[in-house]
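Written out below as structure tokens is the structure these notes cover.
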Amino acid sequence: MNEKRHIVQIVGLMNRGGAETMLMDIFRHLRGEFHFTFIVHYKGNTITKGDFDDEIRDLGGDIIHIRSVWELGLKNYYRDLKTILDNLSPVHVLHSHLNSKGGTASWVAHYAGIQKILVHSHADIHFTGSFIKRVAYKAELFLQKCFISSYATVNLACSTAALSSLFFKKDILNKKSIIINNAIDCNKFTFQQKQASSSNQKLILGTVGRIAKIKRYELIIDILRELKERNIDFDFIFAGAAQDETYAKAIFNQIKEYNLQENVHWLGCRADVEKIYPGMHIFLGTSISEGLGMSAVECQACGTACLLSKGFPPTADIKAGLVNFIDSDRPSDWVDAILSHSYPANITAEMINERLIKSGFSINHEIEKIRSIYNK
């Protein structure tokens with residue numbers, strides 16, 4: 001019988017997102033102390049292989065798939081997840097990473113007899129769409145908050161904004177609530193000192209993030225169009241999976257419509273983003289909402305400047321002088337900020353590392369928090 005404490009991670013598809021990347025760092029560091037099972041949710045009739053699936057299995061983790069709650073319905077989801085958890089027994093800790101859907105998972109876990117139930121908020125939740133859709137989403141969120149309030153034993157979040165968006169205020173005050181920064185392995189990211197760009201130097205812009213509506217790639221393309229109209233010599237590189245295929249198709253059509261094909265370079269989904277950031281002069285983060293915005297933190301670790309929308313929380317800035325927040329949806333305002341940007345002097349690798357640790361973005365410190373929670 002396995003003597004390690006058994007940790008069950010409740011997740012979506014294990015692709016290279018910010019939360020998934022950090023979860024993999026936790027798994028790599030703690031797999032010798034705990035046994036990990038990943039219950040992966042999927043939609044439709046086909047199970048899609050995640051970017052990290054092979055590594056999870058190679059490192060001794062288990063993967064079990066289950067259809068999403070709203071496809072199965074509450075009754076069938078309860079039946080299927082409880083059966084899985086009963087068969088996995090003993091489960092010492094259930095750790096949900098489904099954001100608002102974590103309420104349903106905590107409900108099932110409670111009735112499966114699991115004593116420690118962690119619900120982890122990885123995003124500052126906002127709703128878009130029609131009025132009717134927003135009302136429906138908010139009603140669902142309220143239901144999930146009720147489940148979380150009743151059954152979760154520990155509330156975790158990547159930021160204070162993410163904490164307040166998923167948990168009732170009374171539970172934040174009365175229940176154990178902990179901020180777990182979506183930290184990075186600082187050793188992976190190499191600082192490179194940048195030189196101030198000259199007027200005759202090609203400007204290299206970029207971003208890293210899945211192609212999805214919440215990332216607002218359409219705004220980036222509008223910004224690039226404005227740069228071209230001002231006769232600025234630039235390239236834009238971006239990496240990320242085409243999560244929303246319909247939206248991705250619209251973005252690539254927009255690139256063609258604006259005749260930007262020679263300027264825009266999609267690198268696809270990459271496992272080596274730490275090699276991409278140093279080549280950028282400026283990282284563009286235009287998201288509607290980010291729980292934290294790990295790509296911006298990773299950029300700063302490499303010494304790359306960032307222009308970020310107000311969808312990024314202030315905590316994404318490690319206070320090294322590399323971040324400017326843009327409170328505007330007008331492409332011209334972004335272009336003005338790009339062209340007026342000046343790289344701060346006297347930034348060193350030591351300074352960046354110190355700021356990362358002080359801001360709570362060193363993975364070693366955050367793993368100690370997780371280890372303590374899993375062991376208690």
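Convention: chains lettered A, B, ... in structure tokens order; per-chain residue numbering from 1; ligands numbered from 1 as shown.
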**Report entry** Contacts of A:Ile148 at 9 Å (only C-alpha atoms; same-chain gap of 3+ positions) as an NGL selection string
**Finding:** :A and (100 or 102-107 or 119 or 143-145 or 151-153 or 155 or 166-168)
Report task. Name the residues of stretch 172-260 of chain A that fall into alpha helix (DSSP H) according to DSSP on the backbone, using the chain letters and numbers of this document, as a PyMOL selection string. Result -> chain A and resi 172-174+217-229+245-257
Query - All residues 10 Å or closer to A:Leu224, only C-alpha atoms, same chain fewer than 5 positions away omitted, as a count of residues only - result: 18
**Report entry** All residues 12 Å or closer to A:Gln243, only C-alpha atoms, same chain fewer than 5 positions away omitted, as number ranges by chain
**Finding:** A: 13, 15-17, 209-215, 248-249, 268-269
Residues from the last selection, C-alpha atoms, saved as a CSV table (one decimal), in the first residue's frame:
chain,number,residue,atom,x,y,z
A,13,LEU,CA,-7.0,20.1,-19.7
A,15,ASN,CA,-2.0,22.5,-21.2
A,16,ARG,CA,0.6,25.2,-20.8
A,17,GLY,CA,-1.4,27.9,-19.0
A,209,GLY,CA,-0.9,33.5,-24.0
A,210,ARG,CA,-3.6,31.3,-25.4
A,211,ILE,CA,-5.6,32.7,-28.3
A,212,ALA,CA,-8.9,33.3,-26.5
A,213,LYS,CA,-11.3,36.2,-26.3
A,214,ILE,CA,-10.2,37.1,-22.7
A,215,LYS,CA,-6.7,37.9,-24.0
A,248,ALA,CA,-8.3,32.4,-33.6
A,249,LYS,CA,-9.5,32.2,-37.2
A,268,GLY,CA,2.3,28.1,-31.7
A,269,CYS,CA,2.2,26.5,-28.3
Report task. Please provide as a ChimeraX atom specification all residues within 12 Å of stretch 122-139 of chain A, with the sequence filter that same-chain residues fewer than 4 positions apart are discarded (counting only C-alpha atoms). Result -> /A:11,17-20,22-23,96-102,143-146,155-167,179-182,213-214,287-294,310-313
**Report entry** Contact residues around stretch 88-92 of chain A with only C-alpha atoms at 12 Å, ignoring same-chain residues under 3 positions, as a count of residues only
**Finding:** 37
Report task. Using only C-alpha atoms, determine which residues lie at most 9 Å from stretch 277-285 of chain A, disregarding the query and same-chain residues fewer than 3 positions distant; provide the list as number ranges by chain. Result -> A: 189-197, 203-208, 215-216, 220, 236-237, 273-274, 293, 295-296, 298-300, 302-309, 311-312, 338, 341, 343
